[in-house]
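Engineer: Got a file for you: model.cif, mmCIF, C-alpha atoms and all ligand atoms.
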data_model
#
loop_
_atom_site.label_atom_id
_atom_site.label_comp_id
_atom_site.auth_asym_id
_atom_site.auth_seq_id
_atom_site.Cartn_x
_atom_site.Cartn_y
_atom_site.Cartn_z
CA MET A 12 0.00 0.00 0.00
CA ALA A 13 1.11 3.58 -0.68
CA LYS A 14 3.23 5.20 2.01
CA ASN A 15 2.13 8.16 4.11
CA LEU A 16 -1.57 7.48 3.92
CA LYS A 17 -3.74 9.60 6.19
CA PRO A 18 -5.23 8.02 9.34
CA GLU A 19 -8.76 7.99 7.87
CA THR A 20 -7.57 5.88 4.94
CA ILE A 21 -5.58 3.57 7.21
CA CYS A 22 -8.71 3.03 9.35
CA VAL A 23 -10.64 1.82 6.33
CA GLN A 24 -8.05 0.09 4.17
CA GLU A 25 -4.88 -0.96 6.03
CA GLY A 26 -4.23 -4.51 7.29
CA TRP A 27 -5.93 -7.08 5.10
CA LYS A 28 -4.52 -6.92 1.54
CA PRO A 29 -6.46 -9.36 -0.63
CA THR A 30 -5.03 -10.51 -3.94
CA LYS A 31 -6.84 -11.92 -6.97
CA GLY A 32 -10.04 -13.71 -6.10
CA GLU A 33 -9.64 -13.33 -2.32
CA PRO A 34 -12.44 -11.86 -0.18
CA ARG A 35 -12.52 -8.07 -0.16
CA VAL A 36 -13.47 -8.10 3.53
CA LEU A 37 -11.08 -9.45 6.17
CA PRO A 38 -12.00 -13.12 6.67
CA ILE A 39 -12.26 -14.71 10.09
CA PHE A 40 -9.60 -17.42 10.05
CA GLN A 41 -11.42 -19.45 12.68
CA SER A 42 -8.81 -22.19 12.71
CA THR A 43 -6.46 -23.25 15.46
CA THR A 44 -4.04 -24.85 13.04
CA PHE A 45 -2.43 -24.39 9.64
CA LYS A 46 -1.32 -27.03 7.16
CA TYR A 47 2.18 -27.60 5.74
CA ASP A 48 3.42 -29.96 3.08
CA ASN A 49 6.30 -31.55 4.94
CA SER A 50 7.88 -31.84 8.34
CA ASP A 51 10.84 -29.62 7.52
CA GLN A 52 8.62 -26.62 6.66
CA MET A 53 6.98 -26.91 10.06
CA ALA A 54 10.30 -27.35 11.86
CA ARG A 55 11.65 -24.13 10.38
CA LEU A 56 8.67 -22.23 11.84
CA PHE A 57 9.39 -23.60 15.31
CA ASP A 58 12.99 -22.40 14.99
CA LEU A 59 11.73 -18.93 14.01
CA GLU A 60 13.68 -19.38 10.76
CA ASP A 61 10.64 -18.91 8.57
CA SER A 62 7.63 -16.81 9.31
CA GLY A 63 4.25 -18.42 8.89
CA TYR A 64 1.24 -19.63 10.78
CA PHE A 65 1.13 -22.87 12.66
CA TYR A 66 -0.96 -22.38 15.77
CA THR A 67 -3.36 -19.53 16.60
CA ARG A 68 -1.99 -19.07 20.14
CA LEU A 69 1.13 -17.66 18.46
CA GLN A 70 -0.25 -16.02 15.36
CA ASN A 71 -3.41 -15.93 13.27
CA PRO A 72 -3.94 -14.15 9.92
CA THR A 73 -7.10 -12.30 11.05
CA ASN A 74 -5.34 -11.05 14.18
CA ASP A 75 -2.21 -10.10 12.28
CA ALA A 76 -4.13 -8.01 9.75
CA VAL A 77 -5.82 -6.06 12.54
CA ALA A 78 -2.57 -5.67 14.48
CA ALA A 79 -0.95 -4.31 11.31
CA LYS A 80 -3.75 -1.74 10.96
CA ILE A 81 -3.31 -0.56 14.55
CA ALA A 82 0.48 -0.44 14.13
CA ALA A 83 0.04 1.68 10.99
CA LEU A 84 -2.36 4.02 12.79
CA GLU A 85 0.17 4.55 15.56
CA GLY A 86 3.07 4.86 13.14
CA GLY A 87 4.87 1.87 14.64
CA VAL A 88 6.90 -0.95 13.07
CA ALA A 89 5.03 -3.91 14.56
CA GLY A 90 1.99 -4.70 16.64
CA MET A 91 0.25 -7.61 18.30
CA LEU A 92 -3.22 -8.23 19.64
CA THR A 93 -3.95 -9.57 23.09
CA SER A 94 -7.12 -10.92 24.67
CA SER A 95 -7.66 -7.76 26.74
CA GLY A 96 -6.17 -4.40 27.62
CA GLN A 97 -5.01 -5.92 30.91
CA ALA A 98 -3.02 -8.55 29.02
CA ALA A 99 -1.54 -5.85 26.77
CA ASN A 100 -0.27 -3.79 29.69
CA PHE A 101 1.01 -6.86 31.50
CA TYR A 102 2.89 -8.16 28.46
CA ALA A 103 4.22 -4.71 27.55
CA VAL A 104 5.96 -4.44 30.92
CA PHE A 105 6.70 -8.13 31.58
CA ASN A 106 8.44 -8.42 28.20
CA ILE A 107 11.30 -6.30 29.62
CA CYS A 108 10.95 -6.73 33.40
CA GLU A 109 11.55 -9.81 35.47
CA ALA A 110 11.84 -10.69 39.18
CA GLY A 111 14.28 -8.26 40.78
CA ASP A 112 13.51 -5.47 38.31
CA HIS A 113 11.70 -2.22 38.92
CA PHE A 114 9.65 0.25 36.89
CA VAL A 115 8.13 3.67 37.35
CA CYS A 116 4.48 4.52 36.71
CA SER A 117 2.21 7.54 36.90
CA THR A 118 -0.48 7.33 39.59
CA ALA A 119 -3.01 8.66 37.06
CA ILE A 120 -3.89 5.30 35.52
CA TYR A 121 -6.83 2.95 35.10
CA GLY A 122 -7.84 1.06 38.27
CA GLY A 123 -7.21 -2.35 36.70
CA THR A 124 -3.68 -1.36 35.73
CA TYR A 125 -3.16 0.05 39.23
CA ASN A 126 -3.97 -3.35 40.77
CA LEU A 127 -1.98 -5.28 38.16
CA PHE A 128 1.15 -3.19 38.71
CA SER A 129 0.99 -2.64 42.46
CA VAL A 130 -0.35 -6.02 43.64
CA THR A 131 -0.03 -8.80 41.08
CA MET A 132 3.30 -7.86 39.53
CA LYS A 133 4.74 -7.34 42.98
CA LYS A 134 3.96 -11.00 43.64
CA LEU A 135 6.10 -11.82 40.61
CA GLY A 136 8.99 -9.97 42.23
CA ILE A 137 8.71 -6.84 40.09
CA GLU A 138 8.65 -3.61 42.04
CA MET A 139 7.02 -0.40 40.91
CA THR A 140 7.18 3.18 42.13
CA PHE A 141 4.26 5.55 41.54
CA VAL A 142 4.98 9.15 40.55
CA ASP A 143 2.83 12.25 40.20
CA GLN A 144 2.88 12.83 36.46
CA ASN A 145 2.64 16.59 36.99
CA ALA A 146 5.91 16.64 38.98
CA SER A 147 9.07 18.27 37.62
CA GLU A 148 11.71 16.24 35.82
CA GLU A 149 14.00 16.52 38.87
CA GLU A 150 11.25 15.14 41.06
CA LEU A 151 10.45 12.29 38.62
CA GLN A 152 14.15 11.42 38.42
CA LYS A 153 14.18 10.47 42.12
CA ALA A 154 11.98 7.43 41.42
CA PHE A 155 14.55 5.81 39.10
CA ARG A 156 16.97 3.11 40.26
CA PRO A 157 19.76 1.18 38.56
CA ASN A 158 17.33 -1.75 38.01
CA THR A 159 14.50 0.41 36.58
CA LYS A 160 13.36 -0.96 33.21
CA CYS A 161 10.60 1.34 31.95
CA LEU A 162 8.34 4.31 32.60
CA PHE A 163 4.56 4.00 32.14
CA GLY A 164 1.68 6.47 31.79
CA GLU A 165 -1.69 7.06 30.05
CA THR A 166 -2.17 9.76 27.40
CA ILE A 167 -5.51 10.68 29.01
CA SER A 168 -6.00 9.03 32.36
CA ASN A 169 -9.03 6.86 33.07
CA PRO A 170 -11.08 8.14 34.86
CA GLY A 171 -9.39 11.38 35.99
CA CYS A 172 -9.08 12.78 32.42
CA GLU A 173 -5.57 14.14 33.15
CA VAL A 174 -3.48 14.78 30.05
CA LEU A 175 0.09 13.49 30.27
CA ASP A 176 3.07 15.62 29.21
CA ILE A 177 4.43 12.82 27.00
CA GLU A 178 7.57 14.70 25.93
CA LYS A 179 8.57 15.29 29.54
CA PHE A 180 8.05 11.61 30.39
CA ALA A 181 10.04 10.57 27.29
CA ARG A 182 12.97 12.81 28.27
CA VAL A 183 13.11 11.36 31.78
CA ALA A 184 12.80 7.76 30.54
CA HIS A 185 15.50 8.18 27.90
CA LYS A 186 17.86 9.95 30.29
CA ASN A 187 17.67 6.76 32.35
CA GLY A 188 18.16 4.48 29.36
CA VAL A 189 14.68 2.96 29.48
CA PRO A 190 11.65 3.04 27.14
CA LEU A 191 8.46 5.01 27.71
CA ILE A 192 5.31 2.89 27.50
CA ILE A 193 2.06 4.78 26.90
CA ASP A 194 -1.45 3.42 27.28
CA ASN A 195 -3.19 5.35 24.49
CA THR A 196 -6.64 3.84 24.98
CA PHE A 197 -8.65 7.05 25.53
CA ALA A 198 -6.99 9.27 22.93
CA THR A 199 -6.68 6.59 20.22
CA PRO A 200 -4.17 7.25 17.41
CA ILE A 201 -6.83 9.45 15.78
CA ASN A 202 -6.32 12.12 18.43
CA CYS A 203 -2.74 11.45 19.58
CA ARG A 204 0.16 9.40 18.30
CA PRO A 205 2.52 9.12 21.29
CA PHE A 206 5.46 7.96 19.11
CA GLU A 207 5.56 11.45 17.57
CA TRP A 208 6.27 12.79 21.09
CA GLY A 209 9.00 10.31 22.01
CA ALA A 210 7.09 7.31 23.41
CA ASP A 211 8.62 3.94 22.51
CA ILE A 212 5.79 1.47 23.04
CA VAL A 213 2.04 2.03 22.98
CA THR A 214 -0.67 -0.17 24.46
CA HIS A 215 -4.44 -0.20 24.03
CA SER A 216 -7.53 -1.62 25.53
CA THR A 217 -9.18 -2.11 22.13
CA THR A 218 -12.34 -2.84 24.13
CA LYS A 219 -12.96 0.92 24.22
CA TYR A 220 -13.08 3.32 21.26
CA MET A 221 -11.26 1.04 18.81
CA ASP A 222 -13.97 -1.60 18.95
CA GLY A 223 -16.33 1.24 19.78
CA HIS A 224 -19.53 -0.80 19.97
CA ALA A 225 -18.93 -2.66 23.23
CA THR A 226 -18.86 -6.04 21.51
CA ALA A 227 -15.41 -7.52 22.19
CA VAL A 228 -12.79 -7.31 24.95
CA GLY A 229 -9.31 -6.97 23.49
CA GLY A 230 -5.94 -5.31 23.66
CA ALA A 231 -2.98 -4.33 21.52
CA ILE A 232 0.71 -3.52 21.84
CA VAL A 233 2.60 -1.49 19.23
CA ASP A 234 6.36 -0.94 19.08
CA SER A 235 7.75 2.24 17.50
CA GLY A 236 10.99 0.40 16.74
CA ASN A 237 12.83 3.48 18.01
CA PHE A 238 14.24 2.28 21.31
CA ASP A 239 17.84 1.10 21.00
CA TRP A 240 17.85 -2.02 23.19
CA GLN A 241 21.43 -2.86 22.23
CA ALA A 242 22.66 0.51 23.51
CA HIS A 243 21.41 -0.60 26.94
CA ALA A 244 22.08 -4.31 26.50
CA ASP A 245 23.08 -4.72 30.17
CA LYS A 246 19.53 -3.73 31.19
CA PHE A 247 17.60 -5.74 28.61
CA LEU A 248 19.19 -9.17 28.80
CA GLY A 249 16.00 -10.89 27.63
CA LEU A 250 16.22 -9.08 24.31
CA CYS A 251 19.99 -8.82 23.91
CA THR A 252 21.28 -12.23 25.08
CA PRO A 253 20.47 -15.73 23.77
CA ASP A 254 17.01 -17.18 24.52
CA GLU A 255 17.57 -20.79 25.57
CA SER A 256 13.94 -21.62 24.82
CA TYR A 257 14.65 -20.77 21.15
CA HIS A 258 17.97 -22.59 20.61
CA GLY A 259 20.05 -19.65 21.79
CA LEU A 260 18.61 -17.09 19.38
CA THR A 261 19.13 -13.41 20.33
CA TYR A 262 16.08 -11.27 19.50
CA THR A 263 17.89 -8.00 18.78
CA ASP A 264 20.43 -9.74 16.49
CA ARG A 265 17.88 -11.71 14.54
CA PHE A 266 14.91 -9.34 14.43
CA GLY A 267 16.32 -5.81 14.76
CA LYS A 268 13.46 -3.33 15.10
CA MET A 269 11.00 -6.23 15.39
CA ALA A 270 12.81 -7.68 18.44
CA TYR A 271 10.42 -6.49 21.13
CA ILE A 272 7.17 -7.67 19.48
CA THR A 273 8.78 -10.91 18.30
CA LYS A 274 9.87 -11.71 21.85
CA ALA A 275 6.44 -10.84 23.24
CA THR A 276 4.83 -13.18 20.71
CA ALA A 277 7.38 -15.98 20.75
CA GLN A 278 7.82 -16.09 24.53
CA LEU A 279 4.93 -14.47 26.35
CA MET A 280 2.11 -15.47 24.00
CA ARG A 281 3.59 -18.94 23.66
CA ASP A 282 3.82 -19.41 27.43
CA LEU A 283 0.93 -17.33 28.81
CA GLY A 284 -1.47 -17.50 25.87
CA SER A 285 -3.65 -14.39 26.09
CA ILE A 286 -4.51 -14.43 22.41
CA GLN A 287 -7.42 -12.44 20.96
CA SER A 288 -9.95 -14.71 19.30
CA PRO A 289 -10.13 -14.21 15.51
CA MET A 290 -13.86 -13.53 15.84
CA ASN A 291 -13.15 -10.68 18.26
CA SER A 292 -10.45 -9.21 16.09
CA PHE A 293 -12.88 -9.29 13.15
CA LEU A 294 -15.32 -7.23 15.23
CA LEU A 295 -12.48 -4.95 16.28
CA ASN A 296 -11.61 -4.39 12.65
CA LEU A 297 -15.18 -3.31 11.87
CA GLY A 298 -14.90 -0.79 14.68
CA LEU A 299 -11.56 0.50 13.42
CA GLU A 300 -13.07 1.18 10.00
CA THR A 301 -15.13 4.02 11.51
CA LEU A 302 -12.83 5.09 14.36
CA HIS A 303 -11.98 8.41 12.69
CA LEU A 304 -15.67 9.31 12.25
CA ARG A 305 -16.69 8.27 15.73
CA MET A 306 -13.84 10.00 17.58
CA LYS A 307 -14.75 13.31 15.97
CA ARG A 308 -18.36 12.96 17.06
CA HIS A 309 -17.45 11.76 20.58
CA CYS A 310 -15.27 14.86 21.01
CA GLU A 311 -17.87 17.31 19.64
CA ASN A 312 -20.58 15.86 21.86
CA ALA A 313 -18.36 15.70 24.96
CA GLN A 314 -17.25 19.29 24.49
CA ALA A 315 -20.89 20.45 24.41
CA VAL A 316 -21.80 18.30 27.43
CA ALA A 317 -18.74 19.51 29.39
CA GLU A 318 -19.70 23.13 28.67
CA TYR A 319 -23.29 22.44 29.73
CA LEU A 320 -22.17 20.79 32.99
CA SER A 321 -19.66 23.51 33.83
CA LYS A 322 -22.45 26.12 33.62
CA ASN A 323 -24.95 24.14 35.72
CA GLU A 324 -25.27 25.34 39.31
CA LYS A 325 -25.76 21.78 40.65
CA VAL A 326 -22.38 20.72 39.33
CA ALA A 327 -19.42 21.21 41.69
CA TRP A 328 -16.61 20.62 39.22
CA VAL A 329 -15.92 19.27 35.72
CA LYS A 330 -12.72 17.72 34.38
CA TYR A 331 -12.41 17.87 30.61
CA SER A 332 -9.28 19.16 28.93
CA GLY A 333 -11.37 20.94 26.27
CA LEU A 334 -12.61 23.44 28.89
CA PRO A 335 -10.42 26.59 28.91
CA ASP A 336 -10.24 26.60 32.73
CA SER A 337 -8.97 23.00 32.84
CA PRO A 338 -5.42 22.66 34.23
CA TYR A 339 -4.85 20.37 31.23
CA TYR A 340 -6.15 22.79 28.60
CA GLU A 341 -2.65 23.75 27.36
CA LEU A 342 -1.37 20.14 27.36
CA GLY A 343 -4.57 19.18 25.56
CA LYS A 344 -4.00 21.82 22.88
CA LYS A 345 -0.48 20.51 22.35
CA TYR A 346 -1.05 16.75 22.41
CA LEU A 347 -4.73 16.53 21.43
CA PRO A 348 -5.35 19.41 19.02
CA ASN A 349 -8.37 17.69 17.44
CA GLY A 350 -10.02 16.91 20.76
CA SER A 351 -9.34 14.48 23.59
CA CYS A 352 -12.11 11.88 23.85
CA GLY A 353 -15.71 11.45 24.94
CA VAL A 354 -15.00 10.89 28.61
CA ILE A 355 -15.79 13.58 31.17
CA ALA A 356 -15.27 13.42 34.92
CA PHE A 357 -17.43 15.59 37.13
CA GLY A 358 -18.80 15.91 40.63
CA LEU A 359 -22.17 17.15 41.90
CA LYS A 360 -22.70 19.49 44.82
CA GLY A 361 -24.06 17.47 47.72
CA THR A 362 -23.33 14.00 49.02
CA ARG A 363 -22.31 10.69 47.48
CA GLU A 364 -26.01 9.76 47.64
CA ASP A 365 -26.87 12.76 45.42
CA ALA A 366 -24.49 11.38 42.82
CA ILE A 367 -26.11 7.95 43.00
CA ARG A 368 -29.62 9.48 42.79
CA PHE A 369 -28.59 11.49 39.71
CA MET A 370 -27.24 8.39 38.02
CA ASP A 371 -30.33 6.34 38.84
CA LYS A 372 -32.56 9.01 37.24
CA LEU A 373 -30.78 8.90 33.88
CA ASN A 374 -32.70 7.13 31.10
CA LEU A 375 -30.78 7.31 27.85
CA ILE A 376 -27.40 7.31 29.57
CA CYS A 377 -27.15 3.97 31.32
CA ILE A 378 -25.10 2.76 34.23
CA VAL A 379 -22.65 0.21 32.88
CA THR A 380 -19.12 -0.91 33.69
CA HIS A 381 -17.87 0.38 30.43
CA VAL A 382 -16.60 3.49 28.82
CA ALA A 383 -15.79 4.75 25.38
CA ASP A 384 -18.38 3.14 23.15
CA ALA A 385 -21.12 4.49 20.89
CA ARG A 386 -23.76 4.56 23.65
CA SER A 387 -23.56 7.21 26.35
CA CYS A 388 -22.96 5.66 29.74
CA VAL A 389 -22.05 6.59 33.26
CA LEU A 390 -20.20 5.05 36.19
CA HIS A 391 -19.28 5.96 39.76
CA PRO A 392 -15.70 4.64 40.07
CA ALA A 393 -15.60 4.82 43.88
CA SER A 394 -18.54 2.40 44.11
CA HIS A 395 -17.73 0.36 40.99
CA THR A 396 -14.41 -0.02 39.13
CA HIS A 397 -12.19 1.38 41.89
CA ARG A 398 -14.01 0.02 44.93
CA GLN A 399 -10.94 -1.93 46.14
CA MET A 400 -9.12 1.37 46.72
CA SER A 401 -9.07 3.42 49.92
CA ASP A 402 -10.15 7.08 49.72
CA GLU A 403 -6.45 8.02 49.95
CA GLN A 404 -5.52 5.75 47.03
CA LEU A 405 -8.48 7.14 45.09
CA MET A 406 -7.30 10.72 45.54
CA GLU A 407 -3.76 9.70 44.55
CA ALA A 408 -5.12 8.17 41.34
CA GLY A 409 -7.01 11.40 40.60
CA VAL A 410 -10.37 9.79 41.43
CA ALA A 411 -12.33 11.90 43.89
CA PRO A 412 -14.85 9.83 45.87
CA ASP A 413 -17.66 11.93 44.32
CA LEU A 414 -16.31 11.56 40.76
CA ILE A 415 -18.88 10.57 38.15
CA ARG A 416 -17.38 9.25 34.93
CA LEU A 417 -19.58 10.13 31.99
CA SER A 418 -18.75 8.54 28.65
CA VAL A 419 -20.41 10.66 26.01
CA GLY A 420 -21.57 8.60 23.04
CA ILE A 421 -22.34 9.47 19.46
CA GLU A 422 -26.09 10.02 19.82
CA ASN A 423 -27.64 13.44 19.15
CA VAL A 424 -26.09 15.75 21.72
CA GLU A 425 -29.38 17.51 22.48
CA ASP A 426 -30.83 14.19 23.61
CA ILE A 427 -27.79 13.51 25.81
CA ILE A 428 -27.97 16.94 27.44
CA GLY A 429 -31.75 16.59 27.80
CA ASP A 430 -31.30 13.36 29.76
CA ILE A 431 -28.72 14.98 32.04
CA ALA A 432 -30.96 18.02 32.55
CA GLN A 433 -33.96 15.97 33.67
CA ALA A 434 -31.81 13.88 36.03
CA LEU A 435 -30.42 17.04 37.62
CA GLU A 436 -33.92 18.37 38.33
CA ASP A 437 -35.12 18.06 41.92
C1 LIG A 501 -10.21 -0.52 30.14
C2 LIG A 501 -8.82 -0.10 30.21
C3 LIG A 501 -7.78 -1.03 30.37
C4 LIG A 501 -8.05 -2.50 30.54
O1 LIG A 501 -8.57 -3.01 29.38
P1 LIG A 501 -9.51 -4.33 29.28
O2 LIG A 501 -9.71 -4.44 27.83
O3 LIG A 501 -10.75 -4.03 30.05
O4 LIG A 501 -8.73 -5.45 29.87
C5 LIG A 501 -6.49 -0.58 30.39
N1 LIG A 501 -6.21 0.74 30.26
C6 LIG A 501 -7.18 1.67 30.10
C7 LIG A 501 -6.82 3.11 29.97
C8 LIG A 501 -8.52 1.29 30.08
O5 LIG A 501 -9.47 2.21 29.93
#
Kindly present the structure from the file in structure tokens form.

Structural biologist:
Amino acid sequence: MAKNLKPETICVQEGWKPTKGEPRVLPIFQSTTFKYDNSDQMARLFDLEDSGYFYTRLQNPTNDAVAAKIAALEGGVAGMLTSSGQAANFYAVFNICEAGDHFVCSTAIYGGTYNLFSVTMKKLGIEMTFVDQNASEEELQKAFRPNTKCLFGETISNPGCEVLDIEKFARVAHKNGVPLIIDNTFATPINCRPFEWGADIVTHSTTKYMDGHATAVGGAIVDSGNFDWQAHADKFLGLCTPDESYHGLTYTDRFGKMAYITKATAQLMRDLGSIQSPMNSFLLNLGLETLHLRMKRHCENAQAVAEYLSKNEKVAWVKYSGLPDSPYYELGKKYLPNGSCGVIAFGLKGTREDAIRFMDKLNLICIVTHVADARSCVLHPASHTHRQMSDEQLMEAGVAPDLIRLSVGIENVEDIIGDIAQALED
């Protein structure tokens, strides 16, 4: 396909490239296995000497086409799909961290990632230090240790809607010889491409805007190919020294810019197996075909709703980087010039119960444990997604106990505002 295509074209056309007589639409290769003519052909695949399909846990043509589309959207060299966003973030870090290692992470992250990093990965012997992403570079520097292996943050935090200064994070990471990993779920590559600001690896919960219709849980990892693992070979032994489980092959020698994703596929997917089902990646691909149209509408609608809420006397506060009085307005203009996303965080005057009553009165906007799909929905993180956290942990993660997370969909905005208005009435 032609180089330098615009994101809208990539959304529709990239990935599946049919040749003569093949289906125009990406087929669902619903097959666990793939046939070869002789034993030697198969053996070469197991030695990573040839590329090809042999078992869907490692690779599948439907998944690969969709991963290629997402990689192209992000401007990366290689991508892979995972069964969920959780698996994507776990693999992204675990691919370069092992027991005895350490990494640094912003506190302004999704609750599931918070638990994964601070509880589950700790059990694997991997330590993590949280930092305030708004801190100065000098302050951030203090969190780094000789065994630190990466820095992690979200472009727009879920649910606090804080915009990350990606360039600042990239400078600090690179000064310490480690990659910057960015969870770009909320912005999507339509509104921000973190590689253009120095990030090295991007992750997604494709469950959100990419799928966009709330049909399939999934995740993705994309590598920019920019991080020079060899220049820090002493830190990244898994990539830069022989892998005994692949006959002593060294990923950086053999695969160059593809080393990171190849290792994540060949080792982590082989051993841990969080593959996306081909059916789900087919659904994800349908979502991606309209991502550019939907993101625009999500942003327009959310901007109007945020303005409405900020003028309503029953509303105590609104967090949306598109509002000029947002502390993230300037960062938003820089990193998200076309808009941020459809998610707004706000609080009502009154008690926690007032927030619950408001949510229960909504009709069109329903209470669901989801965010970032076509249908407007609402959630109270302190009583739902983040309920394992103490009030102190909630505040640290930018989640006030009264925070209502409103995910503005792509319906008619007058209907969305009308529903909010009636629910705010006494
Ligand atoms: C939802 C979400 C995740 C987790 O993704 P799942 O697909 O639910 O596993 C990770 N990061 C962010 C920012 C999310 O919103």

Engineer: Hey, which bits of chain A sit within 7 Å of ligand LIG 501 (chain A), and for each residue what's the closest pair of atoms and how far apart in Å (one decimal), counting only C-alpha atoms and all ligand atoms, rows by chain and increasing number, as JSON lines?

Structural biologist:
{"residue": "A:Ser95", "atom": "CA", "partner": "A:LIG501", "partner_atom": "O4", "distance": 4.0}
{"residue": "A:Gly96", "atom": "CA", "partner": "A:LIG501", "partner_atom": "O1", "distance": 3.3}
{"residue": "A:Gln97", "atom": "CA", "partner": "A:LIG501", "partner_atom": "O4", "distance": 3.9}
{"residue": "A:Ala98", "atom": "CA", "partner": "A:LIG501", "partner_atom": "O4", "distance": 6.6}
{"residue": "A:Ile120", "atom": "CA", "partner": "A:LIG501", "partner_atom": "C7", "distance": 6.6}
{"residue": "A:Tyr121", "atom": "CA", "partner": "A:LIG501", "partner_atom": "C7", "distance": 5.1}
{"residue": "A:Gly123", "atom": "CA", "partner": "A:LIG501", "partner_atom": "C4", "distance": 6.2}
{"residue": "A:Thr124", "atom": "CA", "partner": "A:LIG501", "partner_atom": "C5", "distance": 6.1}
{"residue": "A:Glu165", "atom": "CA", "partner": "A:LIG501", "partner_atom": "C7", "distance": 6.5}
{"residue": "A:Ser168", "atom": "CA", "partner": "A:LIG501", "partner_atom": "C7", "distance": 6.4}
{"residue": "A:Asn169", "atom": "CA", "partner": "A:LIG501", "partner_atom": "C7", "distance": 5.3}
{"residue": "A:Asp194", "atom": "CA", "partner": "A:LIG501", "partner_atom": "C7", "distance": 6.0}
{"residue": "A:Asn195", "atom": "CA", "partner": "A:LIG501", "partner_atom": "C7", "distance": 6.9}
{"residue": "A:Thr196", "atom": "CA", "partner": "A:LIG501", "partner_atom": "C7", "distance": 5.0}
{"residue": "A:Phe197", "atom": "CA", "partner": "A:LIG501", "partner_atom": "C7", "distance": 6.2}
{"residue": "A:His215", "atom": "CA", "partner": "A:LIG501", "partner_atom": "N1", "distance": 6.5}
{"residue": "A:Ser216", "atom": "CA", "partner": "A:LIG501", "partner_atom": "O1", "distance": 4.2}
{"residue": "A:Thr217", "atom": "CA", "partner": "A:LIG501", "partner_atom": "O2", "distance": 6.2}
{"residue": "A:Thr218", "atom": "CA", "partner": "A:LIG501", "partner_atom": "O2", "distance": 4.8}
{"residue": "A:Lys219", "atom": "CA", "partner": "A:LIG501", "partner_atom": "C1", "distance": 6.7}
{"residue": "A:Val228", "atom": "CA", "partner": "A:LIG501", "partner_atom": "O2", "distance": 5.1}
{"residue": "A:Gly229", "atom": "CA", "partner": "A:LIG501", "partner_atom": "O2", "distance": 5.0}
{"residue": "A:Gly230", "atom": "CA", "partner": "A:LIG501", "partner_atom": "O2", "distance": 5.7}

Engineer: Once you have the residues from the selection above, write them out as a tab-separated table (two decimals), keeping the file's coordinate frame, restricted to C-alpha atoms.

Structural biologist:
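And here's selection.tsv as it stands now:
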chain	number	residue	atom	x	y	z
A	95	SER	CA	-7.66	-7.76	26.74
A	96	GLY	CA	-6.17	-4.40	27.62
A	97	GLN	CA	-5.01	-5.92	30.91
A	98	ALA	CA	-3.02	-8.55	29.02
A	120	ILE	CA	-3.89	5.30	35.52
A	121	TYR	CA	-6.83	2.95	35.10
A	123	GLY	CA	-7.21	-2.35	36.70
A	124	THR	CA	-3.68	-1.36	35.73
A	165	GLU	CA	-1.69	7.06	30.05
A	168	SER	CA	-6.00	9.03	32.36
A	169	ASN	CA	-9.03	6.86	33.07
A	194	ASP	CA	-1.45	3.42	27.28
A	195	ASN	CA	-3.19	5.35	24.49
A	196	THR	CA	-6.64	3.84	24.98
A	197	PHE	CA	-8.65	7.05	25.53
A	215	HIS	CA	-4.44	-0.20	24.03
A	216	SER	CA	-7.53	-1.62	25.53
A	217	THR	CA	-9.18	-2.11	22.13
A	218	THR	CA	-12.34	-2.84	24.13
A	219	LYS	CA	-12.96	0.92	24.22
A	228	VAL	CA	-12.79	-7.31	24.95
A	229	GLY	CA	-9.31	-6.97	23.49
A	230	GLY	CA	-5.94	-5.31	23.66

Engineer: Got a sec: who's within 12 Å of segment 241-256 of chain A, counting only C-alpha atoms, leaving out chain neighbours fewer than 2 positions off, as a PyMOL selection string?

Structural biologist: chain A and resi 57-59+104-109+111-113+156-161+185-190+237-239+258-275+277-279+281-282

Engineer: Once you count all atoms listed in the file, which residues end up no further than 10 Å from (5.3, 1.9, 21.1) in the file's frame, shown as a ChimeraX atom specification?

Structural biologist: /A:82,85-90,103,190-195,204-206,209-214,232-238,271-272

Engineer: Taking 2 positions as the minimum chain separation for residues in the same chain, which residues sit within 7 Å of Phe40 of chain A when counting all atoms listed in the file? Answer as a ChimeraX atom specification.

Structural biologist: /A:38,42,72-73,289

Engineer: Just write the chosen residues, C-alpha atoms, as a compact mmCIF listing (two decimals), in the frame of the given file.

Structural biologist:
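Full text of selection36.txt as output:
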# COMPACT_ATOMS: atom_id res chain seq x y z
CA PRO A 38 -12.00 -13.12 6.67
CA SER A 42 -8.81 -22.19 12.71
CA PRO A 72 -3.94 -14.15 9.92
CA THR A 73 -7.10 -12.30 11.05
CA PRO A 289 -10.13 -14.21 15.51

Engineer: Rank nothing, just name the residue among A:Glu318, A:Met53, A:Arg35, A:Gly122 nearest to Glu407 of chain A, using all atoms listed in the file.

Structural biologist: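 Once distances to Glu407 of chain A are computed over all atoms listed in the file, the minimum belongs to A:Gly122.
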
Engineer: Do a neighbour search on Tyr125 of chain A at 10 Å with all atoms listed in the file, toss out local chain neighbours closer than 4 positions, and write the hits as a tab-separated table (two decimals) with C-alpha atoms, in the frame of the given file.

Structural biologist:
chain	number	residue	atom	x	y	z
A	116	CYS	CA	4.48	4.52	36.71
A	117	SER	CA	2.21	7.54	36.90
A	118	THR	CA	-0.48	7.33	39.59
A	119	ALA	CA	-3.01	8.66	37.06
A	120	ILE	CA	-3.89	5.30	35.52
A	121	TYR	CA	-6.83	2.95	35.10
A	129	SER	CA	0.99	-2.64	42.46
A	130	VAL	CA	-0.35	-6.02	43.64
A	131	THR	CA	-0.03	-8.80	41.08
A	141	PHE	CA	4.26	5.55	41.54
A	397	HIS	CA	-12.19	1.38	41.89
A	400	MET	CA	-9.12	1.37	46.72
A	404	GLN	CA	-5.52	5.75	47.03
A	408	ALA	CA	-5.12	8.17	41.34
